[in-house]
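Chemist: Input file: protein-v2.txt. Contents: compact mmCIF, C-alpha atoms.
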```txt
# COMPACT_ATOMS: atom_id res chain seq x y z
CA MET X 1049 78.55 116.32 109.69
CA GLN X 1050 82.20 116.95 108.91
CA VAL X 1051 85.09 115.00 107.44
CA ASP X 1052 87.28 114.52 110.53
CA HIS X 1053 90.21 113.23 108.51
CA LEU X 1054 91.36 111.23 105.52
CA GLY X 1055 93.70 108.39 106.47
CA ILE X 1056 96.64 107.79 104.12
CA ALA X 1057 98.83 104.68 104.45
CA VAL X 1058 102.53 105.50 103.94
CA ARG X 1059 105.89 103.76 104.34
CA SER X 1060 107.47 106.79 106.02
CA LEU X 1061 105.81 109.63 107.94
CA ASP X 1062 108.83 111.83 107.28
CA ASP X 1063 108.70 111.30 103.51
CA ALA X 1064 104.93 111.88 103.42
CA LEU X 1065 105.09 115.10 105.43
CA ALA X 1066 107.94 116.35 103.23
CA LYS X 1067 105.63 116.01 100.20
CA PHE X 1068 102.28 117.16 101.61
CA ALA X 1069 103.25 119.84 104.16
CA PRO X 1070 104.49 122.40 101.59
CA VAL X 1071 101.31 121.94 99.53
CA VAL X 1072 98.86 122.42 102.40
CA ARG X 1073 101.15 124.99 104.08
CA GLU X 1074 100.90 123.43 107.55
CA LYS X 1075 103.24 121.48 109.83
CA GLY X 1076 102.52 117.87 110.80
CA SER X 1077 101.56 117.06 114.40
CA PRO X 1078 104.16 115.28 116.55
CA PRO X 1079 104.00 111.55 115.68
CA GLU X 1080 101.90 109.42 118.02
CA ASN X 1081 102.00 105.62 118.38
CA VAL X 1082 98.61 103.88 118.38
CA ASP X 1083 99.79 100.50 119.64
CA ALA X 1084 96.39 98.79 119.42
CA GLN X 1085 96.42 99.42 115.65
CA GLY X 1086 100.15 98.94 115.17
CA VAL X 1087 100.65 102.37 113.61
CA ARG X 1088 102.53 105.61 114.12
CA VAL X 1089 100.44 108.59 113.00
CA SER X 1090 100.84 112.28 112.28
CA PHE X 1091 98.09 114.75 111.37
CA LEU X 1092 98.23 117.68 108.97
CA GLU X 1093 95.48 120.29 109.37
CA VAL X 1094 93.53 121.16 106.19
CA GLY X 1095 90.71 123.60 106.95
CA GLU X 1096 88.20 121.99 109.32
CA SER X 1097 89.63 118.56 108.44
CA HIS X 1098 92.98 116.74 108.58
CA LEU X 1099 95.12 114.35 106.61
CA GLU X 1100 96.21 111.47 108.87
CA PHE X 1101 99.37 109.70 107.76
CA LEU X 1102 99.69 106.12 108.99
CA GLU X 1103 103.07 104.36 109.08
CA PRO X 1104 102.93 100.71 110.20
CA LEU X 1105 104.97 99.80 113.30
CA ARG X 1106 105.40 96.25 111.92
CA PRO X 1107 104.52 94.43 108.66
CA ASP X 1108 101.97 92.14 110.44
CA THR X 1109 99.48 94.95 111.13
CA PRO X 1110 96.39 96.11 109.18
CA VAL X 1111 98.26 99.04 107.61
CA GLY X 1112 101.37 96.88 107.01
CA ARG X 1113 99.24 94.36 105.11
CA PHE X 1114 97.47 97.18 103.22
CA LEU X 1115 100.85 98.51 102.00
CA GLU X 1116 101.97 95.00 101.02
CA LYS X 1117 98.79 94.43 99.01
CA ARG X 1118 97.96 97.84 97.51
CA GLY X 1119 100.95 100.10 98.12
CA GLU X 1120 100.80 103.60 99.56
CA GLY X 1121 97.58 105.57 99.20
CA MET X 1122 94.24 106.55 100.69
CA HIS X 1123 93.24 104.12 103.44
CA HIS X 1124 90.09 105.35 105.19
CA LEU X 1125 87.56 108.19 105.46
CA ALA X 1126 86.76 109.43 108.97
CA LEU X 1127 83.45 111.20 109.62
CA ARG X 1128 82.80 113.24 112.77
CA VAL X 1129 79.64 112.14 114.59
CA PRO X 1130 78.09 113.04 117.95
CA ASP X 1131 77.69 109.38 119.03
CA VAL X 1132 79.93 106.63 117.59
CA GLY X 1133 77.87 103.80 119.09
CA GLU X 1134 74.70 105.16 117.50
CA ALA X 1135 76.44 105.56 114.11
CA LEU X 1136 77.61 101.92 114.24
CA ARG X 1137 74.11 100.73 115.18
CA GLN X 1138 72.63 102.63 112.21
CA VAL X 1139 75.04 100.94 109.79
CA ARG X 1140 74.15 97.53 111.20
CA SER X 1141 70.41 98.16 111.16
CA ALA X 1142 70.70 99.22 107.47
CA GLY X 1143 72.20 95.79 106.75
CA GLY X 1144 75.85 96.92 106.70
CA ARG X 1145 78.86 95.05 108.13
CA LEU X 1146 81.00 96.43 110.95
CA ILE X 1147 84.64 95.98 111.94
CA ASP X 1148 84.01 97.39 115.43
CA GLU X 1149 80.78 96.23 117.05
CA VAL X 1150 81.28 98.78 119.82
CA PRO X 1151 83.28 102.03 120.03
CA ARG X 1152 86.92 101.97 121.16
CA ILE X 1153 89.66 104.52 121.83
CA GLY X 1154 91.75 105.61 118.83
CA ALA X 1155 94.36 108.26 117.99
CA ARG X 1156 94.26 111.52 119.96
CA GLY X 1157 92.23 109.72 122.69
CA ARG X 1158 89.06 109.95 120.58
CA THR X 1159 86.22 107.44 120.59
CA VAL X 1160 86.18 105.70 117.22
CA GLY X 1161 84.53 102.81 115.37
CA PHE X 1162 85.06 101.34 111.89
CA ALA X 1163 82.45 100.03 109.46
CA HIS X 1164 83.49 97.36 106.93
CA PRO X 1165 84.38 98.66 103.42
CA THR X 1166 81.63 96.49 101.90
CA SER X 1167 79.12 98.72 103.73
CA PHE X 1168 80.22 101.84 101.83
CA GLN X 1169 81.20 101.09 98.23
CA GLY X 1170 84.69 99.87 99.12
CA VAL X 1171 85.40 102.84 101.40
CA LEU X 1172 86.66 102.00 104.89
CA VAL X 1173 84.58 104.46 106.98
CA GLU X 1174 85.64 105.43 110.50
CA PHE X 1175 83.29 107.29 112.83
CA VAL X 1176 85.03 109.69 115.23
CA GLY X 1177 83.26 111.04 118.31
CA VAL X 1178 83.23 114.82 118.69
CA PRO X 1179 84.83 115.73 122.05
CA PRO X 1180 82.36 117.28 124.52
CA MET R 394 93.64 125.38 102.37
CA GLN R 395 90.55 123.18 102.37
CA VAL R 396 89.62 119.71 101.17
CA ASP R 397 87.31 120.54 98.26
CA HIS R 398 86.14 116.96 97.89
CA LEU R 399 87.03 113.30 98.11
CA GLY R 400 86.39 111.44 94.86
CA ILE R 401 84.93 107.92 95.19
CA ALA R 402 84.71 105.57 92.20
CA VAL R 403 81.43 103.64 92.16
CA ARG R 404 79.53 101.36 89.79
CA SER R 405 76.21 103.12 90.45
CA LEU R 406 75.54 106.68 91.66
CA ASP R 407 72.11 105.61 92.89
CA ASP R 408 73.48 102.75 95.00
CA ALA R 409 76.26 104.94 96.43
CA LEU R 410 73.89 107.77 97.38
CA ALA R 411 71.50 105.27 98.97
CA LYS R 412 74.32 104.17 101.29
CA PHE R 413 76.06 107.48 102.05
CA ALA R 414 73.21 110.02 102.07
CA PRO R 415 71.51 108.70 105.24
CA VAL R 416 74.87 108.69 107.07
CA VAL R 417 75.85 112.26 106.19
CA ARG R 418 72.22 113.42 106.35
CA GLU R 419 72.34 115.32 103.04
CA LYS R 420 70.90 114.82 99.57
CA GLY R 421 73.13 114.23 96.54
CA SER R 422 73.41 116.94 93.86
CA PRO R 423 71.70 116.30 90.51
CA PRO R 424 74.02 114.02 88.47
CA GLU R 425 76.24 115.83 85.95
CA ASN R 426 78.06 114.29 82.98
CA VAL R 427 81.73 115.27 82.61
CA ASP R 428 82.23 114.00 79.08
CA ALA R 429 85.94 114.84 78.88
CA GLN R 430 86.55 112.43 81.78
CA GLY R 431 83.90 109.91 80.78
CA VAL R 432 82.10 110.10 84.12
CA ARG R 433 78.75 110.96 85.62
CA VAL R 434 79.15 112.63 89.01
CA SER R 435 77.07 113.61 92.01
CA PHE R 436 78.23 115.54 95.08
CA LEU R 437 77.19 115.10 98.69
CA GLU R 438 77.93 118.04 101.01
CA VAL R 439 79.86 117.20 104.19
CA GLY R 440 80.66 120.34 106.18
CA GLU R 441 82.94 122.61 104.14
CA SER R 442 83.82 119.65 101.89
CA HIS R 443 82.03 117.16 99.63
CA LEU R 444 82.06 113.52 98.65
CA GLU R 445 82.13 113.24 94.83
CA PHE R 446 80.78 109.96 93.49
CA LEU R 447 82.09 109.03 90.04
CA GLU R 448 80.26 106.51 87.85
CA PRO R 449 82.01 105.71 84.55
CA LEU R 450 80.04 106.42 81.37
CA ARG R 451 81.92 103.59 79.62
CA PRO R 452 84.44 100.88 80.65
CA ASP R 453 87.25 102.44 78.52
CA THR R 454 87.59 105.53 80.73
CA PRO R 455 89.99 106.31 83.62
CA VAL R 456 87.33 105.54 86.24
CA GLY R 457 86.12 102.49 84.31
CA ARG R 458 89.67 101.10 84.30
CA PHE R 459 90.09 101.98 88.00
CA LEU R 460 86.97 99.93 88.85
CA GLU R 461 88.16 97.04 86.70
CA LYS R 462 91.56 97.00 88.42
CA ARG R 463 90.83 97.93 92.05
CA GLY R 464 87.06 97.84 92.49
CA GLU R 465 84.96 100.55 94.09
CA GLY R 466 86.62 102.90 96.57
CA MET R 467 88.43 106.18 97.15
CA HIS R 468 89.80 107.55 93.89
CA HIS R 469 91.25 111.02 94.46
CA LEU R 470 91.72 113.86 96.95
CA ALA R 471 90.82 117.36 95.77
CA LEU R 472 92.39 120.39 97.46
CA ARG R 473 91.01 123.91 97.04
CA VAL R 474 93.69 126.38 95.90
CA PRO R 475 93.60 130.00 94.73
CA ASP R 476 95.58 129.28 91.53
CA VAL R 477 95.59 125.83 89.92
CA GLY R 478 98.37 126.70 87.46
CA GLU R 479 100.63 127.85 90.29
CA ALA R 480 99.87 124.70 92.33
CA LEU R 481 100.82 122.50 89.34
CA ARG R 482 104.03 124.47 88.79
CA GLN R 483 104.99 124.00 92.46
CA VAL R 484 104.55 120.23 92.19
CA ARG R 485 106.72 120.14 89.08
CA SER R 486 109.43 122.38 90.54
CA ALA R 487 109.57 120.09 93.60
CA GLY R 488 110.36 117.19 91.22
CA GLY R 489 106.83 115.74 91.12
CA ARG R 490 105.02 114.33 88.08
CA LEU R 491 101.83 115.85 86.68
CA ILE R 492 98.86 114.43 84.77
CA ASP R 493 97.73 117.90 83.67
CA GLU R 494 100.54 120.22 82.62
CA VAL R 495 98.06 123.11 82.51
CA PRO R 496 94.67 123.70 84.17
CA ARG R 497 91.48 122.56 82.45
CA ILE R 498 87.74 122.75 83.15
CA GLY R 499 86.26 120.00 85.34
CA ALA R 500 82.97 119.23 87.11
CA ARG R 501 80.82 122.22 88.18
CA GLY R 502 82.69 124.39 85.64
CA ARG R 503 85.68 124.67 87.98
CA THR R 504 89.30 125.03 86.92
CA VAL R 505 91.12 121.83 87.89
CA GLY R 506 94.45 120.06 87.45
CA PHE R 507 95.71 116.62 88.52
CA ALA R 508 99.14 115.66 89.84
CA HIS R 509 100.36 112.09 89.31
CA PRO R 510 99.85 109.70 92.28
CA THR R 511 103.62 109.08 92.45
CA SER R 512 104.00 112.73 93.48
CA PHE R 513 101.95 112.22 96.66
CA GLN R 514 102.48 108.77 98.22
CA GLY R 515 100.08 107.02 95.88
CA VAL R 516 97.34 109.64 96.33
CA LEU R 517 95.86 111.09 93.13
CA VAL R 518 95.72 114.79 94.08
CA GLU R 519 93.44 117.21 92.20
CA PHE R 520 93.75 120.96 92.62
CA VAL R 521 90.46 122.87 92.33
CA GLY R 522 90.39 126.62 91.75
CA VAL R 523 88.31 128.64 94.20
CA PRO R 524 85.67 130.61 92.25
CA PRO R 525 86.16 134.38 92.46
```
Could you render the structure from this file as C-alpha cells?
Modeler:
Amino acid sequence: MQVDHLGIAVRSLDDALAKFAPVVREKGSPPENVDAQGVRVSFLEVGESHLEFLEPLRPDTPVGRFLEKRGEGMHHLALRVPDVGEALRQVRSAGGRLIDEVPRIGARGRTVGFAHPTSFQGVLVEFVGVPP
Amino acid sequence: MQVDHLGIAVRSLDDALAKFAPVVREKGSPPENVDAQGVRVSFLEVGESHLEFLEPLRPDTPVGRFLEKRGEGMHHLALRVPDVGEALRQVRSAGGRLIDEVPRIGARGRTVGFAHPTSFQGVLVEFVGVPP
C-alpha cells in the first residue's frame, strides 16, 4: 500500500505551485483538465507520492463548493490499490458509504473510486488503480 | 523529499484504527502521549509514509479545538527534511508565517516545526527532521 497522492483544493494552481515547489524542490506537472470533476490539476512529486493541486473550473463543482464552504486546504487522501472495484466493495461490505459505486477514469487516465468521508473519520478517501 | 506522515484528527484512536487498518493492511503503532501538544497518537505505516491519528487528551487543546470547529478529518501534512531549522527559516524568508520559530521535539522523539496554514494554501505543514 502506498499514498498515491494528497489532494489539495486551491484557488490558483500557479499560486499554489509558487509556494510548494520551492519547499519540495520539484516542478509541477503540466496542468490537466479533468472535465468530469470540473477541475484543473497539477501534480508535484514528493518521494513515492505526490501532492495534487485542484483548481475548480467553475464555482458549481465539488471543489468549487469545497472552497466556498471551507476555504483552501487538504481535500482528499488517495491510496494506491491493485483493484479499485475490490477496494470499493470492501468498504461497502464493512458498512461504509461510497461516492462511486463502481470505478471510473480520473486524472492521468487512472482508474479511481471515492469512498464517502463518513466511512473514514471525515477523510475523503480515493482509491487509485496501479497501472499494469 | 518525502511525505513523513499525514495527520488526521479523530475522536477515538481505536475507532480510527478499526476503519483504516484493514484498508492499508497494517497494524497501528502503540499509542503515545505527546503531552506538550495535548494529544495521544498512533501511526499506521503506508509505504514510505504514515498516517498519524491524533486523539485530543482534553477539549482545550489544538486538536480538541479543531474537532470542535471542523469535526474529524485531515489535520496536517508532515514533510521529511534534513534540517527543520533551515526549513523554517526558508518559509520565513519567503514571507510565510510560522507557528514554531525554532524546532522542538515532537512525537517519536523527532525534531519538528510547524508553519502557519496561511503560508501553504490553508495546509498546516509540519517539517520533521530525518534521524541521523
Chemist: CA of His443 (chain R) to CA of Ala1069 (chain X): how many Å, to one decimal?
Modeler: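 Atom-to-atom, CA of His443 (chain R) to CA of Ala1069 (chain X), that is 21.9 Å.
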Chemist: Between CA of Val1094 (chain X) and CA of Ala1057 (chain X), measure the distance and give it in Å to one decimal.
Modeler: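 Atom-to-atom, CA of Val1094 (chain X) and CA of Ala1057 (chain X) are spaced 17.4 Å apart.
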Chemist: Give me, as a PyMOL selection string, the contact residues of chain R against chain X at a cut-off of 8 Å, counting only C-alpha atoms.
Modeler: chain R and resi 394-396+403+409+412-413+416-418+439-442+464-467+480+512-516
Chemist: Taking 6 positions as the minimum chain separation for residues in the same chain, which residues sit within 6 Å of Glu519 (chain R) when counting all atoms listed in the file? Answer as an MDAnalysis selection string.
Modeler: chainID R and resid 471 506:507
Chemist: May I have the residues from that selection written out with C-alpha atoms, as a PDB file, in the coordinates of the input?
Modeler:
```
ATOM      1  CA  ALA R 471      90.820 117.360  95.770  1.00  0.00           C
ATOM      2  CA  GLY R 506      94.450 120.060  87.450  1.00  0.00           C
ATOM      3  CA  PHE R 507      95.710 116.620  88.520  1.00  0.00           C
TER       4      PHE R 507
END
```
Chemist: Taking the point (102.1, 97.0, 111.2) as given in the file, collect each protein or nucleic acid residue that comes within 10 Å of it, counting only C-alpha atoms, and present the set as number ranges by chain.
Modeler: X: 1083, 1085-1088, 1102-1115
Chemist: For Arg1152 (chain X), find every residue with an atom within 12 Å (counting all atoms listed in the file), except residues of its own chain fewer than 2 positions away, and show them as a PyMOL selection string.
Modeler: chain X and resi 1084-1085+1132-1133+1136+1147-1150+1154-1155+1157-1162+1174-1177
Chemist: Rounded to one decimal place, report the CA of Pro1079 (chain X)-CA of Val518 (chain R) distance in Å.
Modeler: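 Atom-to-atom, CA of Pro1079 (chain X) and CA of Val518 (chain R) are spaced 23.4 Å apart.
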Chemist: Would you compute the box with edges along x, y and z of the file around region 1165-1175 of chain X, including every atom the file lists for it and 8 Å extra on each side, and give its centre and edge lengths in Å to one decimal, as lines of an AutoDock Vina configuration file?
Modeler:
```
center_x = 82.9
center_y = 101.9
center_z = 105.5
size_x = 23.5
size_y = 26.8
size_z = 30.6
```
